[in-house]
>>> print(open('final-v8.cif').read())   # mmCIF, C-alpha atoms
data_coords
#
loop_
_atom_site.label_atom_id
_atom_site.label_comp_id
_atom_site.auth_asym_id
_atom_site.auth_seq_id
_atom_site.Cartn_x
_atom_site.Cartn_y
_atom_site.Cartn_z
CA MET X 1 -35.06 2.27 7.08
CA MET X 2 -32.76 -0.73 7.61
CA LEU X 3 -30.18 -1.07 4.86
CA PHE X 4 -29.06 -4.38 3.47
CA LEU X 5 -25.83 -5.25 1.72
CA LEU X 6 -22.54 -3.40 1.98
CA ALA X 7 -20.33 -3.11 -1.07
CA GLN X 8 -17.56 -5.70 -1.00
CA ILE X 9 -14.11 -4.98 -2.38
CA ALA X 10 -10.62 -5.69 -1.21
CA ALA X 11 -8.18 -2.82 -0.75
CA PRO X 12 -5.89 -2.65 -3.79
CA ALA X 13 -2.28 -3.41 -3.46
CA VAL X 14 -0.05 -0.47 -3.94
CA PRO X 15 3.33 -0.85 -5.68
CA ALA X 16 6.38 0.00 -3.55
CA PRO X 17 7.59 3.61 -4.06
CA PRO X 18 11.25 4.39 -4.74
CA PRO X 19 13.35 5.86 -1.91
CA THR X 20 13.36 9.62 -1.64
CA ALA X 21 17.16 9.80 -1.81
CA GLY X 22 19.82 7.88 -3.68
CA PRO X 23 23.09 6.50 -2.35
CA PRO X 24 26.15 8.69 -2.02
CA ALA X 25 28.85 9.19 -4.67
CA PRO X 26 30.51 7.54 -6.48
CA GLU X 27 27.57 5.23 -7.03
CA GLN X 28 24.91 7.96 -7.06
CA GLN X 29 24.76 8.44 -10.83
CA ARG X 30 24.70 4.74 -11.65
CA TRP X 31 21.93 4.17 -9.12
CA GLU X 32 19.90 7.04 -10.55
CA ASP X 33 20.40 5.77 -14.10
CA CYS X 34 19.39 2.26 -13.07
CA VAL X 35 16.27 3.49 -11.29
CA GLU X 36 15.29 5.59 -14.31
CA LEU X 37 15.48 2.46 -16.47
CA ALA X 38 13.68 0.36 -13.86
CA VAL X 39 10.71 2.72 -13.92
CA GLY X 40 10.69 3.78 -17.58
CA ASP X 41 11.97 0.66 -19.35
CA PRO X 42 11.91 -2.19 -16.84
CA ALA X 43 13.28 -4.84 -19.21
CA ARG X 44 16.39 -2.75 -19.74
CA GLY X 45 16.38 -1.92 -16.05
CA ILE X 46 16.57 -5.63 -15.18
CA ALA X 47 19.46 -6.12 -17.57
CA GLU X 48 21.33 -3.11 -16.17
CA ALA X 49 20.71 -4.16 -12.57
CA GLU X 50 22.03 -7.65 -13.31
CA ARG X 51 25.16 -6.23 -14.98
CA TRP X 52 25.73 -3.95 -12.04
CA ARG X 53 25.16 -6.77 -9.56
CA ILE X 54 27.77 -8.92 -11.27
CA ALA X 55 30.15 -5.95 -11.28
CA GLY X 56 29.75 -5.55 -7.51
CA GLY X 57 26.67 -3.36 -7.18
CA ARG X 58 25.51 -5.38 -4.16
CA PHE X 59 22.36 -4.13 -2.44
CA LEU X 60 22.06 -1.05 -4.65
CA ALA X 61 21.81 -3.22 -7.76
CA GLN X 62 19.43 -5.60 -5.99
CA GLN X 63 17.14 -2.77 -4.95
CA CYS X 64 17.11 -1.44 -8.53
CA LEU X 65 16.29 -4.96 -9.72
CA GLY X 66 13.36 -5.10 -7.32
CA MET X 67 12.04 -1.80 -8.65
CA ALA X 68 12.25 -3.05 -12.23
CA TYR X 69 10.33 -6.21 -11.31
CA ALA X 70 7.75 -4.08 -9.49
CA SER X 71 7.32 -1.94 -12.61
CA GLN X 72 6.44 -5.15 -14.46
CA ARG X 73 4.11 -6.17 -11.63
CA ARG X 74 6.25 -9.28 -11.05
CA TRP X 75 5.64 -9.05 -7.33
CA ILE X 76 7.19 -12.34 -6.21
CA SER X 77 10.42 -11.54 -8.03
CA ALA X 78 10.32 -7.99 -6.65
CA GLY X 79 9.83 -9.21 -3.10
CA GLY X 80 12.77 -11.57 -3.41
CA ALA X 81 15.05 -8.90 -4.87
CA PHE X 82 14.16 -6.38 -2.16
CA GLU X 83 14.77 -9.00 0.55
CA THR X 84 18.18 -9.78 -0.91
CA ALA X 85 18.96 -6.05 -0.97
CA ALA X 86 17.90 -5.76 2.67
CA ARG X 87 20.05 -8.67 3.82
CA GLU X 88 23.08 -7.40 1.91
CA ALA X 89 22.60 -3.93 3.34
CA GLU X 90 22.35 -5.38 6.85
CA ALA X 91 25.58 -7.29 6.30
CA ALA X 92 27.20 -4.00 5.27
CA ARG X 93 25.66 -2.25 8.32
CA ASP X 94 23.91 0.17 5.98
CA VAL X 95 20.81 1.88 7.39
CA ARG X 96 19.02 1.60 4.05
CA ALA X 97 18.26 -2.01 4.94
CA SER X 98 15.12 -0.76 6.71
CA LYS X 99 13.79 0.81 3.52
CA TYR X 100 14.51 -2.32 1.51
CA TRP X 101 12.68 -4.48 4.05
CA ALA X 102 9.71 -2.10 3.80
CA GLN X 103 9.76 -2.33 0.01
CA ALA X 104 9.91 -6.11 0.27
CA GLY X 105 6.87 -6.09 2.54
CA ASN X 106 4.94 -3.93 0.10
CA ALA X 107 5.83 -6.23 -2.79
CA TRP X 108 4.79 -9.35 -0.84
CA LEU X 109 1.45 -7.70 -0.12
CA ALA X 110 0.97 -7.11 -3.82
CA ALA X 111 1.90 -10.77 -4.37
CA ALA X 112 -0.92 -11.76 -1.97
CA ASP X 113 1.52 -13.28 0.53
CA PRO X 114 0.72 -11.54 3.83
CA ALA X 115 2.88 -13.90 5.89
CA LYS X 116 6.04 -12.93 4.01
CA ALA X 117 4.90 -9.31 4.03
CA ARG X 118 4.58 -9.32 7.80
CA THR X 119 8.02 -10.89 8.26
CA ALA X 120 9.62 -8.24 6.05
CA LEU X 121 7.74 -5.38 7.68
CA ASP X 122 8.58 -6.65 11.16
CA ALA X 123 12.23 -6.51 10.11
CA ALA X 124 11.83 -2.99 8.71
CA LEU X 125 10.21 -1.66 11.87
CA ALA X 126 12.61 -3.48 14.19
CA THR X 127 15.56 -1.52 12.84
CA GLY X 128 14.30 1.73 14.35
CA ASN X 129 15.68 3.56 11.31
CA LEU X 130 12.39 4.50 9.65
CA ALA X 131 10.88 7.88 10.40
CA GLY X 132 8.09 10.16 9.28
CA LEU X 133 6.15 9.08 6.21
CA GLU X 134 8.27 5.96 5.68
CA LEU X 135 7.51 4.83 9.21
CA GLY X 136 3.82 5.51 8.77
CA GLU X 137 3.67 3.62 5.46
CA ALA X 138 5.43 0.62 7.02
CA HIS X 139 2.85 0.54 9.83
CA LEU X 140 0.09 0.86 7.22
CA ASP X 141 1.43 -2.06 5.21
CA ARG X 142 1.86 -4.21 8.30
CA ALA X 143 -1.73 -3.44 9.24
CA ARG X 144 -2.81 -4.72 5.83
CA ALA X 145 -0.82 -7.91 6.39
CA LEU X 146 -2.33 -8.36 9.84
CA VAL X 147 -5.87 -7.88 8.54
CA ALA X 148 -5.23 -10.56 5.93
CA ALA X 149 -4.02 -12.86 8.73
CA GLY X 150 -7.10 -12.13 10.83
CA ASP X 151 -5.24 -10.21 13.56
CA LEU X 152 -7.55 -7.22 13.71
CA GLY X 153 -6.31 -6.05 17.10
CA GLY X 154 -2.72 -5.91 15.87
CA ALA X 155 -3.87 -4.15 12.72
CA ARG X 156 -5.65 -1.49 14.78
CA ALA X 157 -2.45 -0.79 16.73
CA ASP X 158 -0.48 -0.36 13.51
CA LEU X 159 -3.14 1.88 11.98
CA ALA X 160 -3.07 4.08 15.07
CA GLN X 161 0.61 4.68 14.32
CA ALA X 162 -0.02 5.09 10.60
CA VAL X 163 -2.51 7.92 11.04
CA LEU X 164 0.00 9.73 13.26
CA LYS X 165 3.00 9.29 10.98
CA ALA X 166 1.37 9.36 7.53
CA PRO X 167 -1.73 11.57 7.90
CA ALA X 168 -1.46 12.95 4.35
CA ASP X 169 -2.01 9.50 2.84
CA PRO X 170 -5.74 8.96 2.28
CA MET X 171 -5.20 5.19 2.22
CA THR X 172 -4.24 5.35 5.89
CA TRP X 173 -7.59 6.89 6.82
CA LEU X 174 -9.50 4.66 4.41
CA LEU X 175 -8.12 1.43 5.82
CA SER X 176 -8.58 2.65 9.37
CA ALA X 177 -12.20 3.52 8.63
CA THR X 178 -12.78 0.16 6.97
CA LEU X 179 -11.33 -1.75 9.91
CA ALA X 180 -13.38 0.32 12.36
CA ARG X 181 -16.55 -0.53 10.44
CA ARG X 182 -15.65 -4.22 10.36
CA THR X 183 -15.08 -4.26 14.12
CA GLY X 184 -18.25 -2.30 14.87
CA ASP X 185 -16.63 0.99 15.93
CA LEU X 186 -18.98 3.21 13.99
CA PRO X 187 -17.91 6.58 15.50
CA LEU X 188 -14.26 5.92 14.57
CA ALA X 189 -15.29 4.72 11.11
CA GLN X 190 -17.25 7.92 10.54
CA ARG X 191 -14.42 10.17 11.71
CA HIS X 192 -11.76 8.45 9.64
CA ILE X 193 -13.77 8.15 6.43
CA LYS X 194 -14.37 11.89 6.74
CA GLU X 195 -10.60 12.37 6.80
CA ALA X 196 -10.19 10.11 3.77
CA LEU X 197 -12.84 12.05 1.85
CA ALA X 198 -11.16 15.35 2.72
CA ARG X 199 -8.01 14.08 1.00
CA ALA X 200 -9.38 11.98 -1.85
CA ASP X 201 -13.07 12.44 -2.53
CA ASP X 202 -12.40 11.62 -6.19
CA ASP X 203 -11.15 8.13 -5.29
CA ALA X 204 -13.73 5.43 -5.99
CA SER X 205 -12.41 3.24 -3.16
CA VAL X 206 -12.96 6.06 -0.67
CA GLN X 207 -16.47 6.75 -1.92
CA LEU X 208 -17.27 3.04 -1.87
CA GLU X 209 -16.31 2.76 1.79
CA ALA X 210 -18.11 6.03 2.59
CA GLY X 211 -21.24 4.36 1.26
CA ASN X 212 -20.62 1.28 3.40
CA ILE X 213 -20.23 3.37 6.53
CA ALA X 214 -23.30 5.43 5.72
CA ALA X 215 -25.24 2.19 5.24
CA MET X 216 -24.06 0.92 8.62
CA SER X 217 -25.21 4.26 10.06
CA ARG X 218 -28.66 3.73 8.48
CA ASP X 219 -28.09 6.83 6.34
CA GLU X 220 -29.80 5.70 3.15
CA ALA X 221 -29.32 8.99 1.29
CA GLY X 222 -25.65 9.15 2.20
CA ALA X 223 -25.02 5.55 1.19
CA LYS X 224 -26.78 5.98 -2.12
CA ALA X 225 -24.94 9.22 -2.94
CA ALA X 226 -21.51 7.77 -2.12
CA TRP X 227 -22.07 4.54 -4.06
CA GLU X 228 -23.39 6.49 -7.05
CA ARG X 229 -20.27 8.64 -6.93
CA ALA X 230 -18.03 5.56 -6.77
CA ALA X 231 -19.82 4.04 -9.77
CA GLN X 232 -19.41 7.29 -11.73
CA LEU X 233 -15.74 7.67 -10.86
CA ALA X 234 -14.69 4.16 -11.82
CA PRO X 235 -17.15 2.49 -14.17
CA GLY X 236 -16.10 -1.01 -15.13
CA THR X 237 -13.57 -1.35 -12.29
CA GLU X 238 -13.94 -3.57 -9.22
CA GLN X 239 -14.91 -0.53 -7.18
CA GLY X 240 -17.51 0.61 -9.69
CA ILE X 241 -18.99 -2.86 -10.02
CA ALA X 242 -19.21 -3.25 -6.24
CA ALA X 243 -20.91 0.13 -5.92
CA ARG X 244 -23.46 -0.70 -8.61
CA ALA X 245 -24.18 -4.02 -6.95
CA ALA X 246 -24.81 -2.23 -3.64
CA LEU X 247 -27.11 0.27 -5.38
CA LYS X 248 -29.39 -2.49 -6.63
CA GLN X 249 -31.05 -2.67 -3.22
CA PHE X 250 -32.44 0.81 -3.98
CA GLY X 251 -33.48 -0.04 -7.53
CA ALA X 252 -30.93 2.55 -8.62
CA ALA X 253 -28.69 0.37 -10.77
CA GLU X 254 -29.27 -2.19 -13.45
#
>>> encode(input="final-v8.cif", output="structure tokens")
Amino acid sequence: MMLFLLAQIAAPAVPAPPPTAGPPAPEQQRWEDCVELAVGDPARGIAEAERWRIAGGRFLAQQCLGMAYASQRRWISAGGAFETAAREAEAARDVRASKYWAQAGNAWLAAADPAKARTALDAALATGNLAGLELGEAHLDRARALVAAGDLGGARADLAQAVLKAPADPMTWLLSATLARRTGDLPLAQRHIKEALARADDDASVQLEAGNIAAMSRDEAGAKAAWERAAQLAPGTEQGIAARAALKQFGAAE
């Protein structure tokens, strides 16, 4: 049986994570205290970061400020603060500039500004200082920016790196599977959505895309099961609504 409509939903923006390690002493404790406020009480975190910046906190204070803005979902302000941190770190020849550029790129993605995101992520990757998971996440974010700009070939190249460097992140496999479906590479889409499901089968976004790929494969039972699972996992969300809309072609949803 030929299937009809695929569920439509954009990949959610993911807030920038904090670095895995703080700066060295004597600034270590102040940075940790500032980050704790930025995450737990962002209004106070902003105030502390501004005080520290005025007192000479430079890129460490700016990065903390960006995290506080990100906690408030003020993505434009966060992107600007992270960029300032990156430039100040570069001026100081500090290798953490690469991480700040990556955080800026992530924030610009959340702000729906893929052009600025790509510029920041290009800068992060050009440093050559990212490695492991951080490198993989930067490639993943640049792939998202490239997809938004319509450069699907460039996005595929970045996703190929992301699955190598950040294989534990289900979003890497999900976005790779989605792009493969969109470009008609069904075998790759099937392989990579299987990897995403192995890591996050309780994620509505993963189940939603699993249904899309099953539909493209003319697997009616698989599409229906995945979309029903997505609707159950996240009722009332964008993912759940999209899944229920897709299920209507089967007469399975109101």
>>> atom_distance(input="final-v8.cif", atom1="atom CA of Ala155 of chain X", atom2="atom CA of Arg96 of chain X")
25.1 Å
>>> residues_around(input="final-v8.cif", residues="Leu175 of chain X", least_positions_apart="5", cutoff="9 Å", atoms="all atoms listed in the file", output="PyMOL selection string")
chain X and resi 11+140+143-144+159+170+180+192-193
>>> atom_distance(input="final-v8.cif", atom1="atom CA of Glu83 of chain X", atom2="atom CA of Leu135 of chain X")
17.9 Å
>>> atom_distance(input="final-v8.cif", atom1="atom CA of Ala177 of chain X", atom2="atom CA of Ala221 of chain X")
19.4 Å
>>> residues_around(input="final-v8.cif", residues="Tyr100 of chain X", least_positions_apart="5", cutoff="10 Å", atoms="only C-alpha atoms", output="PyMOL selection string")
chain X and resi 16+18-19+59-60+62-63+66+79+81-90+95+105-106+120-121+123-124
>>> closest_residue(input="final-v8.cif", among="X:Gly57, X:Gly211, X:Gly132, X:Gly80", to="Gln28 of chain X", atoms="only C-alpha atoms")
X:Gly57
>>> residues_around(input="final-v8.cif", residues="Ala117 of chain X", least_positions_apart="2", cutoff="10 Å", atoms="all atoms listed in the file", output="list in words")
Gly79, Trp101, Ala102, Gln103, Ala104, Gly105, Asn106, Ala107, Trp108, Leu109, Ala110, Ala111, Ala112, Asp113, Pro114, Ala115, Thr119, Ala120, Leu121, Asp122, Ala123, Asp141, Arg142, Arg144, Ala145 and Leu146 of chain X
>>> closest_residue(input="final-v8.cif", among="X:Ala242, X:Cys64, X:Ala131, X:Leu186", to="Arg44 of chain X", atoms="all atoms listed in the file")
X:Cys64
>>> axis_aligned_box(input="final-v8.cif", around="segment 32-39 of chain X", padding_each_side="6 Å", output="JSON")
{"center_x": 15.6, "center_y": 3.7, "center_z": -13.5, "size_x": 21.7, "size_y": 18.7, "size_z": 17.9}
>>> residues_around(input="final-v8.cif", residues="Ala196 of chain X", least_positions_apart="5", cutoff="7 Å", atoms="all atoms listed in the file", output="JSON, numbers by chain")
{"X": [170, 173, 174, 206]}
>>> write_last_selection(input="final-v8.cif", atoms="C-alpha atoms", output="tab-separated table (two decimals), in the coordinates of the input")
chain	number	residue	atom	x	y	z
X	170	PRO	CA	-5.74	8.96	2.28
X	173	TRP	CA	-7.59	6.89	6.82
X	174	LEU	CA	-9.50	4.66	4.41
X	206	VAL	CA	-12.96	6.06	-0.67
>>> residues_around(input="final-v8.cif", residues="segment 247-251 of chain X", least_positions_apart="4", cutoff="7 Å", atoms="all atoms listed in the file", output="mmCIF file with C-alpha atoms, keeping the file's coordinate frame")
data_model
loop_
_atom_site.group_PDB
_atom_site.id
_atom_site.type_symbol
_atom_site.label_atom_id
_atom_site.label_comp_id
_atom_site.auth_asym_id
_atom_site.auth_seq_id
_atom_site.Cartn_x
_atom_site.Cartn_y
_atom_site.Cartn_z
ATOM 1 C CA LYS X 224 -26.780 5.980 -2.120
ATOM 2 C CA TRP X 227 -22.070 4.540 -4.060
ATOM 3 C CA ALA X 243 -20.910 0.130 -5.920
#
>>> closest_residue(input="final-v8.cif", among="X:Ala166, X:Ala210, X:Arg199, X:Asp158", to="Arg181 of chain X", atoms="all atoms listed in the file")
X:Ala210
>>> residues_near_point(input="final-v8.cif", point="(-16.3, -0.6, -9.7)", cutoff="12 Å", atoms="all atoms listed in the file", output="JSON list (two decimals) with C-alpha atoms, in the coordinates of the input")
[["chain", "number", "residue", "atom", "x", "y", "z"],
["X", 7, "ALA", "CA", -20.33, -3.11, -1.07],
["X", 8, "GLN", "CA", -17.56, -5.70, -1.00],
["X", 9, "ILE", "CA", -14.11, -4.98, -2.38],
["X", 10, "ALA", "CA", -10.62, -5.69, -1.21],
["X", 203, "ASP", "CA", -11.15, 8.13, -5.29],
["X", 204, "ALA", "CA", -13.73, 5.43, -5.99],
["X", 205, "SER", "CA", -12.41, 3.24, -3.16],
["X", 206, "VAL", "CA", -12.96, 6.06, -0.67],
["X", 207, "GLN", "CA", -16.47, 6.75, -1.92],
["X", 208, "LEU", "CA", -17.27, 3.04, -1.87],
["X", 209, "GLU", "CA", -16.31, 2.76, 1.79],
["X", 227, "TRP", "CA", -22.07, 4.54, -4.06],
["X", 228, "GLU", "CA", -23.39, 6.49, -7.05],
["X", 229, "ARG", "CA", -20.27, 8.64, -6.93],
["X", 230, "ALA", "CA", -18.03, 5.56, -6.77],
["X", 231, "ALA", "CA", -19.82, 4.04, -9.77],
["X", 232, "GLN", "CA", -19.41, 7.29, -11.73],
["X", 233, "LEU", "CA", -15.74, 7.67, -10.86],
["X", 234, "ALA", "CA", -14.69, 4.16, -11.82],
["X", 235, "PRO", "CA", -17.15, 2.49, -14.17],
["X", 236, "GLY", "CA", -16.10, -1.01, -15.13],
["X", 237, "THR", "CA", -13.57, -1.35, -12.29],
["X", 238, "GLU", "CA", -13.94, -3.57, -9.22],
["X", 239, "GLN", "CA", -14.91, -0.53, -7.18],
["X", 240, "GLY", "CA", -17.51, 0.61, -9.69],
["X", 241, "ILE", "CA", -18.99, -2.86, -10.02],
["X", 242, "ALA", "CA", -19.21, -3.25, -6.24],
["X", 243, "ALA", "CA", -20.91, 0.13, -5.92],
["X", 244, "ARG", "CA", -23.46, -0.70, -8.61],
["X", 245, "ALA", "CA", -24.18, -4.02, -6.95],
["X", 246, "ALA", "CA", -24.81, -2.23, -3.64],
["X", 247, "LEU", "CA", -27.11, 0.27, -5.38]]
>>> closest_residue(input="final-v8.cif", among="X:Arg73, X:Leu152, X:Glu220, X:Asp169", to="Pro42 of chain X", atoms="all atoms listed in the file")
X:Arg73
>>> closest_residue(input="final-v8.cif", among="X:Arg51, X:Lys99, X:Arg93, X:Lys165", to="Leu133 of chain X", atoms="all atoms listed in the file")
X:Lys165
